[in-house]
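File shown: work30.cif. Contents: mmCIF, C-alpha atoms and all ligand atoms.
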```
data_coords
#
loop_
_atom_site.label_atom_id
_atom_site.label_comp_id
_atom_site.auth_asym_id
_atom_site.auth_seq_id
_atom_site.Cartn_x
_atom_site.Cartn_y
_atom_site.Cartn_z
CA MET A 65 83.07 127.66 155.05
CA ILE A 66 85.23 124.68 155.91
CA ARG A 67 83.52 121.61 157.40
CA TYR A 68 85.10 118.28 158.03
CA LEU A 69 83.88 114.86 159.04
CA THR A 70 85.77 111.73 159.94
CA ALA A 71 84.64 108.10 159.80
CA GLY A 72 86.32 104.91 160.87
CA GLU A 73 87.06 102.64 163.78
CA SER A 74 90.27 102.19 165.68
CA HIS A 75 90.80 98.60 164.47
CA GLY A 76 88.79 98.75 161.25
CA PRO A 77 90.46 98.83 157.83
CA GLY A 78 91.08 102.59 157.97
CA LEU A 79 89.94 106.14 158.64
CA THR A 80 88.19 108.39 156.13
CA GLY A 81 87.93 112.17 156.16
CA ILE A 82 86.01 114.65 154.04
CA VAL A 83 86.93 118.33 154.09
CA GLU A 84 84.64 120.67 152.23
CA GLY A 85 84.68 124.42 151.68
CA VAL A 86 88.40 124.74 151.03
CA PRO A 87 89.03 127.57 148.52
CA ALA A 88 90.34 126.45 145.11
CA GLY A 89 94.01 126.86 144.34
CA LEU A 90 95.44 125.92 147.76
CA SER A 91 98.68 123.98 147.33
CA ILE A 92 98.53 120.81 149.38
CA THR A 93 100.41 117.53 149.12
CA GLU A 94 100.29 114.21 150.96
CA ASP A 95 103.78 115.00 152.32
CA GLU A 96 102.51 118.22 153.90
CA ILE A 97 99.64 116.35 155.55
CA ALA A 98 102.11 113.70 156.72
CA GLU A 99 104.20 116.30 158.57
CA HIS A 100 101.65 116.79 161.36
CA LEU A 101 100.66 113.10 161.32
CA GLU A 102 104.26 112.19 162.03
CA ARG A 103 104.43 114.78 164.81
CA ARG A 104 101.25 113.29 166.33
CA GLN A 105 102.90 109.87 166.48
CA LYS A 106 105.97 111.00 168.42
CA GLY A 107 106.17 111.58 172.14
CA TYR A 108 107.51 110.12 175.36
CA GLY A 109 104.94 108.06 177.26
CA ARG A 110 103.63 106.01 174.36
CA GLY A 111 102.40 102.49 174.85
CA GLY A 112 103.13 99.33 172.86
CA ARG A 113 100.50 99.37 170.14
CA MET A 114 101.31 102.91 169.03
CA ALA A 115 104.89 102.06 168.16
CA PHE A 116 103.78 100.30 165.01
CA GLU A 117 101.22 102.87 163.80
CA LYS A 118 102.65 104.52 160.67
CA ASP A 119 100.13 107.00 159.44
CA ARG A 120 99.91 108.46 155.98
CA ALA A 121 96.77 109.99 154.50
CA ILE A 122 96.07 109.42 150.83
CA ILE A 123 94.29 112.21 148.98
CA GLN A 124 91.44 110.59 147.07
CA SER A 125 89.64 113.60 145.62
CA GLY A 126 89.48 117.38 145.50
CA VAL A 127 93.13 117.98 144.55
CA ARG A 128 94.58 118.19 141.02
CA PHE A 129 98.20 118.95 140.13
CA GLY A 130 98.93 119.70 143.79
CA LYS A 131 96.13 122.25 144.23
CA THR A 132 92.62 122.10 145.64
CA MET A 133 89.77 122.37 143.14
CA GLY A 134 87.12 123.86 145.44
CA SER A 135 85.40 120.46 145.58
CA PRO A 136 85.39 118.24 148.70
CA VAL A 137 88.77 116.78 149.59
CA ALA A 138 88.51 113.11 150.58
CA LEU A 139 91.30 111.51 152.58
CA TYR A 140 91.93 107.87 153.47
CA MET A 141 94.32 106.42 155.99
CA GLU A 142 94.96 102.73 156.43
CA ASN A 143 94.99 101.21 159.93
CA ARG A 144 98.08 99.03 159.90
CA ALA A 145 96.74 97.04 162.85
CA PHE A 146 93.98 95.72 160.60
CA ALA A 147 95.10 92.60 158.71
CA LYS A 148 98.78 93.61 158.40
CA ASP A 149 99.81 93.55 162.05
CA ASP A 150 97.10 91.41 163.55
CA ALA A 151 95.09 88.90 161.53
CA ASN A 152 92.43 88.80 164.25
CA TRP A 153 91.01 92.28 163.63
CA PRO A 154 89.32 91.50 160.28
CA VAL A 155 87.41 88.82 162.22
CA VAL A 156 86.59 90.98 165.26
CA MET A 157 85.59 93.95 163.06
CA ASN A 158 83.97 91.96 160.25
CA LYS A 159 81.27 94.04 158.62
CA GLU A 160 79.10 91.10 157.56
CA ASN A 161 79.51 87.91 159.52
CA GLU A 162 79.72 87.43 163.26
CA ALA A 163 82.23 84.67 163.91
CA GLU A 164 81.74 82.12 166.68
CA GLY A 165 83.50 82.72 169.97
CA ILE A 166 84.31 86.42 169.70
CA GLU A 167 84.74 87.63 173.25
CA LYS A 168 82.41 90.42 174.30
CA ILE A 169 83.96 93.28 176.26
CA THR A 170 81.79 93.85 179.31
CA LEU A 171 84.08 95.63 181.81
CA PRO A 172 83.71 99.40 181.35
CA ARG A 173 86.75 101.57 182.14
CA PRO A 174 86.01 104.51 184.46
CA GLY A 175 86.84 107.76 182.65
CA HIS A 176 86.29 106.31 179.17
CA ALA A 177 83.15 106.39 177.01
CA ASP A 178 82.58 102.65 177.64
CA LEU A 179 79.67 102.44 180.09
CA VAL A 180 77.53 105.35 178.95
CA GLY A 181 78.25 104.62 175.28
CA ALA A 182 77.07 101.03 175.65
CA GLN A 183 73.96 102.10 177.60
CA LYS A 184 73.14 104.82 175.09
CA PHE A 185 73.28 102.52 172.04
CA ARG A 186 71.99 99.45 173.94
CA PHE A 187 75.11 97.38 173.20
CA ASP A 188 75.88 94.26 175.25
CA ASP A 189 79.50 94.56 174.09
CA ILE A 190 81.67 97.66 174.62
CA ARG A 191 83.75 96.99 171.50
CA PRO A 192 81.83 99.38 169.18
CA VAL A 193 82.15 102.19 171.74
CA ILE A 194 85.89 101.68 172.20
CA GLU A 195 86.43 101.56 168.47
CA ARG A 196 84.95 104.98 167.76
CA SER A 197 85.56 106.94 170.99
CA SER A 198 89.26 106.12 171.00
CA ALA A 199 91.73 108.86 170.09
CA ARG A 200 92.83 106.87 167.04
CA GLU A 201 90.24 109.05 165.28
CA THR A 202 92.38 112.11 166.00
CA ALA A 203 94.83 110.91 163.34
CA MET A 204 92.24 111.69 160.66
CA ARG A 205 91.30 114.92 162.43
CA VAL A 206 94.92 116.06 162.26
CA ALA A 207 95.02 115.13 158.55
CA CYS A 208 91.79 117.04 157.75
CA CYS A 209 92.82 120.07 159.79
CA SER A 210 96.24 120.26 158.19
CA ILE A 211 94.49 121.50 155.03
CA ALA A 212 92.97 124.46 156.94
CA ARG A 213 96.33 124.92 158.58
CA LYS A 214 97.99 125.21 155.17
CA MET A 215 95.40 127.80 154.11
CA LEU A 216 96.23 129.88 157.17
CA LYS A 217 99.96 129.50 156.56
CA GLU A 218 99.57 130.96 153.06
CA LEU A 219 98.08 134.04 154.72
CA GLY A 220 100.97 134.24 157.20
CA ILE A 221 99.01 132.78 160.13
CA GLU A 222 101.00 130.20 162.11
CA ILE A 223 100.01 127.83 164.91
CA GLY A 224 102.41 126.31 167.44
CA GLY A 225 101.93 124.41 170.68
CA HIS A 226 103.95 123.11 173.60
CA VAL A 227 103.53 121.36 176.94
CA LEU A 228 103.30 123.48 180.11
CA ARG A 229 102.84 120.75 182.72
CA ILE A 230 102.75 116.97 183.05
CA GLY A 231 101.30 115.88 186.38
CA SER A 232 103.14 117.74 189.17
CA ILE A 233 105.93 119.06 186.90
CA GLY A 234 105.51 122.36 185.08
CA TYR A 235 106.01 126.12 184.93
CA GLU A 236 105.23 127.95 188.14
CA SER A 237 103.36 130.86 186.59
CA TRP A 238 101.79 132.22 183.42
CA GLU A 239 104.59 134.82 183.22
CA GLN A 240 107.33 132.17 183.37
CA SER A 241 106.23 130.38 180.23
CA ARG A 242 105.30 133.69 178.52
CA ASN A 243 108.92 134.83 178.85
CA ILE A 244 110.06 131.75 176.94
CA THR A 245 107.48 131.94 174.15
CA GLU A 246 107.70 135.75 173.75
CA ASP A 247 111.08 135.58 171.97
CA LEU A 248 110.14 132.58 169.86
CA ILE A 249 106.91 134.00 168.46
CA SER A 250 108.56 137.08 166.95
CA GLY A 251 109.44 134.74 164.05
CA GLY A 252 105.94 133.16 163.92
CA ALA A 253 104.28 130.53 166.10
CA GLU A 254 105.66 127.60 164.10
CA SER A 255 109.00 128.27 165.80
CA ILE A 256 107.29 127.24 169.05
CA TYR A 257 106.47 123.79 167.79
CA THR A 258 109.77 123.41 165.95
CA GLU A 259 111.59 124.13 169.21
CA ALA A 260 109.18 122.10 171.39
CA ASP A 261 109.42 119.09 169.04
CA ARG A 262 113.13 118.81 169.96
CA SER A 263 111.91 117.53 173.33
CA ASP A 264 110.13 114.17 173.40
CA VAL A 265 107.71 115.60 175.98
CA ARG A 266 107.24 118.74 173.79
CA CYS A 267 108.35 121.09 176.56
CA LEU A 268 110.44 124.16 175.73
CA ASP A 269 112.44 123.95 178.98
CA ASP A 270 115.18 121.27 179.11
CA ASP A 271 115.17 120.89 182.91
CA LEU A 272 111.40 120.55 183.04
CA SER A 273 111.52 118.06 180.14
CA ALA A 274 113.89 115.82 182.12
CA GLN A 275 111.67 116.02 185.21
CA MET A 276 108.55 115.30 183.15
CA ARG A 277 110.15 112.14 181.74
CA GLU A 278 110.97 111.03 185.30
CA GLU A 279 107.39 111.72 186.39
CA ILE A 280 106.09 109.59 183.51
CA LYS A 281 108.54 106.78 184.42
CA VAL A 282 107.32 106.77 188.02
CA ARG A 283 103.64 106.65 187.04
CA ARG A 284 104.34 103.99 184.40
CA LYS A 285 105.95 101.81 187.13
CA GLU A 286 102.91 102.35 189.33
CA GLY A 287 100.71 101.28 186.43
CA SER A 288 98.99 104.67 186.48
CA SER A 289 98.71 107.46 183.89
CA LEU A 290 99.16 111.23 183.59
CA GLY A 291 97.62 114.27 181.97
CA GLY A 292 98.74 117.87 182.06
CA LEU A 293 98.48 121.37 180.65
CA TRP A 294 99.33 122.66 177.18
CA GLU A 295 99.49 125.98 175.36
CA VAL A 296 98.86 126.84 171.70
CA ILE A 297 99.80 130.24 170.26
CA ILE A 298 98.61 131.60 166.92
CA THR A 299 100.50 134.48 165.26
CA GLY A 300 99.80 136.66 162.22
CA VAL A 301 96.10 136.98 163.07
CA PRO A 302 94.40 140.18 161.85
CA ALA A 303 92.19 142.17 164.22
CA GLY A 304 88.40 141.79 164.02
CA LEU A 305 87.91 138.05 163.42
CA GLY A 306 84.84 136.72 165.25
CA SER A 307 82.10 138.94 166.61
CA TYR A 308 80.54 140.17 169.85
CA THR A 309 77.06 140.29 168.26
CA HIS A 310 75.90 136.73 169.08
CA TRP A 311 77.04 134.01 171.46
CA ASP A 312 77.78 131.60 168.63
CA LYS A 313 79.95 134.10 166.73
CA LYS A 314 82.42 134.69 169.56
CA LEU A 315 85.79 133.34 168.48
CA ASP A 316 86.83 132.34 172.01
CA GLY A 317 83.63 130.28 172.31
CA LEU A 318 84.26 128.58 168.97
CA ILE A 319 87.85 127.75 169.89
CA ALA A 320 86.67 126.35 173.24
CA GLN A 321 84.20 124.08 171.47
CA ALA A 322 86.89 122.70 169.16
CA ILE A 323 89.11 121.98 172.16
CA MET A 324 86.40 120.51 174.38
CA GLY A 325 85.32 118.34 171.44
CA THR A 326 88.72 116.65 171.59
CA GLN A 327 89.20 113.42 173.55
CA ALA A 328 90.38 113.88 177.16
CA MET A 329 90.35 117.71 177.15
CA LYS A 330 88.76 118.93 180.37
CA GLY A 331 89.48 122.65 180.45
CA VAL A 332 90.30 125.54 178.14
CA GLU A 333 91.24 129.16 178.74
CA ILE A 334 92.23 132.15 176.63
CA GLY A 335 95.01 134.44 177.86
CA LEU A 336 95.09 134.74 181.65
CA GLY A 337 91.95 132.59 181.74
CA PHE A 338 91.25 131.19 185.21
CA GLU A 339 94.00 133.34 186.73
CA SER A 340 92.02 136.46 185.78
CA GLY A 341 89.36 135.36 188.30
CA TYR A 342 91.59 136.05 191.28
CA LEU A 343 93.56 139.12 190.14
CA PRO A 344 92.45 142.78 190.34
CA GLY A 345 91.44 144.49 187.09
CA HIS A 346 94.66 146.50 186.78
CA GLN A 347 96.63 143.27 186.57
CA VAL A 348 94.29 141.69 184.03
CA HIS A 349 93.34 144.19 181.32
CA ASP A 350 95.73 145.30 178.57
CA GLU A 351 96.15 149.09 178.41
CA ILE A 352 95.65 150.65 174.99
CA THR A 353 98.25 152.94 173.40
CA HIS A 354 98.70 154.49 169.94
CA ASP A 355 102.04 154.80 168.18
CA GLY A 356 100.89 157.39 165.62
CA ASN A 357 100.08 154.64 163.15
CA THR A 358 98.06 152.07 164.96
CA PHE A 359 96.51 151.09 168.29
CA LYS A 360 98.75 148.93 170.44
CA ARG A 361 98.83 147.01 173.69
CA ASP A 362 102.04 146.46 175.60
CA THR A 363 100.67 143.35 177.29
CA ASN A 364 98.57 140.49 175.92
CA ARG A 365 96.84 139.09 178.99
CA SER A 366 93.60 138.84 177.03
CA GLY A 367 95.30 136.22 174.86
CA GLY A 368 94.49 138.16 171.68
CA ILE A 369 90.71 138.06 172.02
CA GLU A 370 88.41 140.76 173.46
CA GLY A 371 84.62 140.68 173.11
CA GLY A 372 84.88 137.47 171.08
CA MET A 373 87.04 139.25 168.45
CA THR A 374 90.74 139.09 167.69
CA THR A 375 92.73 142.14 168.81
CA GLY A 376 95.54 141.51 166.33
CA MET A 377 97.84 140.26 169.11
CA PRO A 378 98.82 136.57 169.15
CA ILE A 379 95.99 134.28 170.29
CA ILE A 380 96.99 132.32 173.38
CA VAL A 381 94.95 129.22 174.19
CA ARG A 382 95.67 126.90 177.09
CA GLY A 383 94.03 123.71 178.18
CA ALA A 384 93.99 120.74 180.50
CA MET A 385 94.12 117.10 179.47
CA LYS A 386 93.07 114.46 181.97
CA PRO A 387 95.14 111.32 182.63
CA ILE A 388 94.46 108.40 180.29
CA PRO A 389 91.66 106.11 181.56
CA THR A 390 93.28 102.80 180.50
CA MET A 391 95.78 101.83 183.21
CA LEU A 392 97.86 98.78 184.02
CA ASN A 393 96.94 99.09 187.70
CA PRO A 394 93.18 98.42 187.55
CA LEU A 395 90.26 100.48 188.82
CA GLY A 396 87.08 99.10 190.29
CA THR A 397 84.24 98.48 187.86
CA VAL A 398 81.15 96.33 187.38
CA ASP A 399 80.54 93.70 184.69
CA MET A 400 77.81 95.09 182.41
CA ILE A 401 76.05 91.74 182.07
CA THR A 402 76.46 90.03 185.48
CA HIS A 403 76.58 93.27 187.54
CA GLN A 404 79.37 91.67 189.61
CA SER A 405 81.94 94.07 191.06
CA THR A 406 85.36 93.47 189.56
CA GLU A 407 88.41 95.31 188.17
CA THR A 408 89.20 96.78 184.76
CA ARG A 409 91.22 94.72 182.33
CA TYR A 410 94.30 96.30 180.73
CA GLU A 411 94.63 96.87 176.98
CA ARG A 412 97.87 98.27 175.59
CA SER A 413 97.71 102.00 176.05
CA ASP A 414 99.71 105.24 176.38
CA VAL A 415 100.80 106.31 179.88
CA CYS A 416 100.79 110.00 179.00
CA ALA A 417 99.45 111.14 175.63
CA LEU A 418 99.82 114.88 176.24
CA PRO A 419 102.94 115.41 174.08
CA ARG A 420 101.03 113.89 171.15
CA ALA A 421 97.75 115.59 172.01
CA VAL A 422 99.44 118.99 171.59
CA VAL A 423 99.48 118.32 167.83
CA VAL A 424 95.77 117.47 167.96
CA VAL A 425 94.78 120.68 169.75
CA GLU A 426 96.98 122.78 167.43
CA SER A 427 95.15 121.12 164.55
CA VAL A 428 91.53 121.46 165.68
CA ILE A 429 91.95 125.22 166.15
CA ALA A 430 92.92 125.64 162.46
CA PRO A 431 89.45 125.20 160.84
CA VAL A 432 87.92 127.55 163.44
CA LEU A 433 90.35 130.30 162.47
CA ALA A 434 90.15 129.48 158.77
CA ASN A 435 86.38 129.92 158.96
CA ALA A 436 86.69 133.22 160.82
CA ILE A 437 88.96 134.38 157.98
CA LEU A 438 86.59 133.10 155.28
CA GLU A 439 83.64 134.74 157.03
CA LYS A 440 85.34 138.13 157.17
CA PHE A 441 87.18 138.17 153.85
CA GLY A 442 85.43 135.52 151.73
CA GLY A 443 86.74 134.09 148.46
CA ASP A 444 86.19 130.98 146.38
CA SER A 445 89.83 130.74 145.42
CA MET A 446 93.07 131.37 147.27
CA GLU A 447 93.83 134.12 144.76
CA GLU A 448 90.62 135.95 145.61
CA LEU A 449 91.05 135.36 149.35
CA LYS A 450 94.64 136.66 149.30
CA GLU A 451 93.60 139.81 147.39
CA ARG A 452 90.86 140.58 149.90
CA PHE A 453 93.01 139.66 152.87
CA SER A 454 95.88 141.89 151.76
CA HIS A 455 93.58 144.91 151.29
CA ASN A 456 92.13 144.57 154.76
CA VAL A 457 95.13 143.69 156.88
C1 LIG A 501 96.25 111.84 171.53
C2 LIG A 501 95.41 111.09 172.53
C3 LIG A 501 95.75 109.78 172.85
C4 LIG A 501 94.99 109.06 173.78
N1 LIG A 501 95.37 107.79 174.07
C5 LIG A 501 94.64 107.08 174.95
C6 LIG A 501 95.01 105.73 175.28
O1 LIG A 501 96.01 105.20 174.81
N2 LIG A 501 94.23 105.05 176.16
C7 LIG A 501 93.11 105.60 176.71
O2 LIG A 501 92.43 104.96 177.50
N3 LIG A 501 92.73 106.87 176.43
C8 LIG A 501 93.46 107.62 175.56
N4 LIG A 501 93.09 108.90 175.28
C9 LIG A 501 91.93 109.49 175.98
C10 LIG A 501 90.59 108.92 175.56
O3 LIG A 501 90.43 108.94 174.16
C11 LIG A 501 89.44 109.71 176.22
O4 LIG A 501 89.69 109.86 177.58
C12 LIG A 501 88.11 108.99 176.00
O5 LIG A 501 87.79 109.05 174.63
C13 LIG A 501 86.95 109.56 176.82
O6 LIG A 501 86.65 110.86 176.44
P1 LIG A 501 86.75 112.10 177.45
O7 LIG A 501 88.05 111.93 178.19
O8 LIG A 501 86.76 113.31 176.57
O9 LIG A 501 85.59 112.03 178.39
C14 LIG A 501 93.84 109.66 174.37
C15 LIG A 501 93.48 110.97 174.01
C16 LIG A 501 94.26 111.68 173.12
C17 LIG A 501 93.86 113.09 172.76
#
```
Starting from the coordinates I provided, produce the structure as structure tokens.
Ligand SMILES: Cc1cc2nc3c(=O)[nH]c(=O)nc-3n(C[C@H](O)[C@H](O)[C@H](O)COP(=O)(O)O)c2cc1C
Amino acid sequence: MIRYLTAGESHGPGLTGIVEGVPAGLSITEDEIAEHLERRQKGYGRGGRMAFEKDRAIIQSGVRFGKTMGSPVALYMENRAFAKDDANWPVVMNKENEAEGIEKITLPRPGHADLVGAQKFRFDDIRPVIERSSARETAMRVACCSIARKMLKELGIEIGGHVLRIGSIGYESWEQSRNITEDLISGGAESIYTEADRSDVRCLDDDLSAQMREEIKVRRKEGSSLGGLWEVIITGVPAGLGSYTHWDKKLDGLIAQAIMGTQAMKGVEIGLGFESGYLPGHQVHDEITHDGNTFKRDTNRSGGIEGGMTTGMPIIVRGAMKPIPTMLNPLGTVDMITHQSTETRYERSDVCALPRAVVVVESVIAPVLANAILEKFGGDSMEELKERFSHNV
């Protein structure tokens, strides 16, 4: 089974990732990993610092002649901010010596991990919390997950995401966005992201994209921030992944954990999701038919998962991202040391990170699905996995 871990701080020398359990014989290159890293770096609503991040993961082990060896894959990604762009970081993040006069950060930002993180680890300086809780870490997550994503792609399983709403601007109903994605996914879910990536807010609708940009401009001027809603669709999924037999084998539960384990994600739903709570049963459940060959459903309101198992229809996952906690216009806070009421201090930050976060949520779903595949079909090599997969699909 695939497991991955990341290590590294936002302004340390770099990020490290280890991905284990990848079958041998999977073709993977640094360029392929870079594709999703580049996508993660692009999006309207970025702040100053991010403009000079140029991410590229270096494969340090586990791959020979362009193919995985079944051994752990280690990745490393340099943080350009460290040393190259700002000579101060090697001093602030020094692993051995504490230099004189380094300013402690004592004003926790509401909505960030700052206050509770510092209390939990008994820090008198928020810096270590900021460094690890920040979404900079998602760069390495995207890199690690792109290996699972490549495994899925070789089996014909594609993942693609897009933005549904930013603040007050978005589709009016589930059906409205379904009509747009329905045509695109006949060619595989990657066509969703290819199309969405043409918009710098990653929205498939041109009018909505323009309005979303305006909304971001307005909030930027106010010194505030924005979140929104996204959707990720997965195509080519065979029926029967996951299981109803235990709570921790349900695929919808495992997907939800991957999403909720991602910075700033505050809600997740599969298919109709929350809407199914206020509709009658006849407008929620997908009727079953048979075409002489196979069972079918004309609708996919379940979002491709029933009883914790895939139905064979595309998986449809949606989620909510909260607005970014770091804002130019300050919020009230309290100094951790003096306990004096004061206001947050601004550090360069995104105004709306949702267009970029879409790439992160696409990515974190990949190992969950890859593991559901490995659990059902098994295989130490891609050759073995493909044989088993083709016999069962
Ligand atoms: C892609 C991405 C970029 C983010 N960029 C920022 C940022 O620039 N500034 C910020 O304060 N929070 C940013 N966040 C959100 C914080 O990382 C997140 O709110 C914080 O870690 C607290 O975790 P929680 O929101 O899950 O409770 C970003 C999140 C994502 C997914």
Please identify all polymer residues within 12 Å of Pro192 (chain A), counting only C-alpha atoms, omitting same-chain residues fewer than 2 positions from it, and present them as a PyMOL selection string. chain A and resi 72-76+156-159+168-170+177-179+181-190+194-198
Could you give me the residues within 7 Å of ligand LIG 501 (chain A), counting all atoms listed in the file, as a PyMOL selection string? chain A and resi 111+175-177+197-199+202+326-329+386+388-390+413-414+417-418+420-421+424
Tell me, as an MDAnalysis selection string, which residues lie within 8 Å of Ala384 (chain A), counting all atoms listed in the file; anything in the same chain fewer than 2 positions away does not count. chainID A and resid 291:294 329:332 382 386
For CA of Thr80 (chain A) and CA of Glu142 (chain A), the interatomic separation in Å (one decimal): 8.8 Å
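Taking all atoms listed in the file, the non-local environment of region 126-137 of chain A within 7 Å (same-chain residues fewer than 4 positions away omitted) comprises Ile82, Val83, Glu84, Gly85, Val86, Pro87, Ala88, Gly89, Leu90, Ser91, Ile92 and Thr93 of chain A.
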Include C-alpha atoms and write out the residues we just selected as a short mmCIF file (atom, residue, chain, number, x, y, z; two decimals), keeping the file's coordinate frame.
```
data_model
loop_
_atom_site.label_atom_id
_atom_site.label_comp_id
_atom_site.auth_asym_id
_atom_site.auth_seq_id
_atom_site.Cartn_x
_atom_site.Cartn_y
_atom_site.Cartn_z
CA ILE A 82 86.01 114.65 154.04
CA VAL A 83 86.93 118.33 154.09
CA GLU A 84 84.64 120.67 152.23
CA GLY A 85 84.68 124.42 151.68
CA VAL A 86 88.40 124.74 151.03
CA PRO A 87 89.03 127.57 148.52
CA ALA A 88 90.34 126.45 145.11
CA GLY A 89 94.01 126.86 144.34
CA LEU A 90 95.44 125.92 147.76
CA SER A 91 98.68 123.98 147.33
CA ILE A 92 98.53 120.81 149.38
CA THR A 93 100.41 117.53 149.12
#
```
Quote the spacing between CA of Val296 (chain A) and CA of Thr353 (chain A) in Å to one decimal place. 26.2 Å
For the point (99.2, 148.7, 168.7) in file coordinates, what residues are within 12 Å, counting all atoms listed in the file? Give the answer as a PyMOL selection string? chain A and resi 302-303+350-364+368+375-377
From the list A:Ser454, A:Ser237, A:Ser427, A:Asn393, which residue is nearest Ile97 (chain A) when using only C-alpha atoms? A:Ser427
Neighbour list for region 312-317 of chain A as a PyMOL selection string, cut-off 12 Å, all atoms listed in the file, skip fewer than 3 positions in-chain: chain A and resi 303-309+320-324+332-335+337+366-375+379-382+429+431-437+439-440
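Using all atoms listed in the file, the nearest neighbour of Arg283 (chain A) within the list A:Ser250, A:Gln240, A:Ser232, A:Gln404 is A:Ser232.
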Measure the distance from CA of Arg205 (chain A) to CA of Phe453 (chain A) in Å and round it to one decimal. 26.6 Å
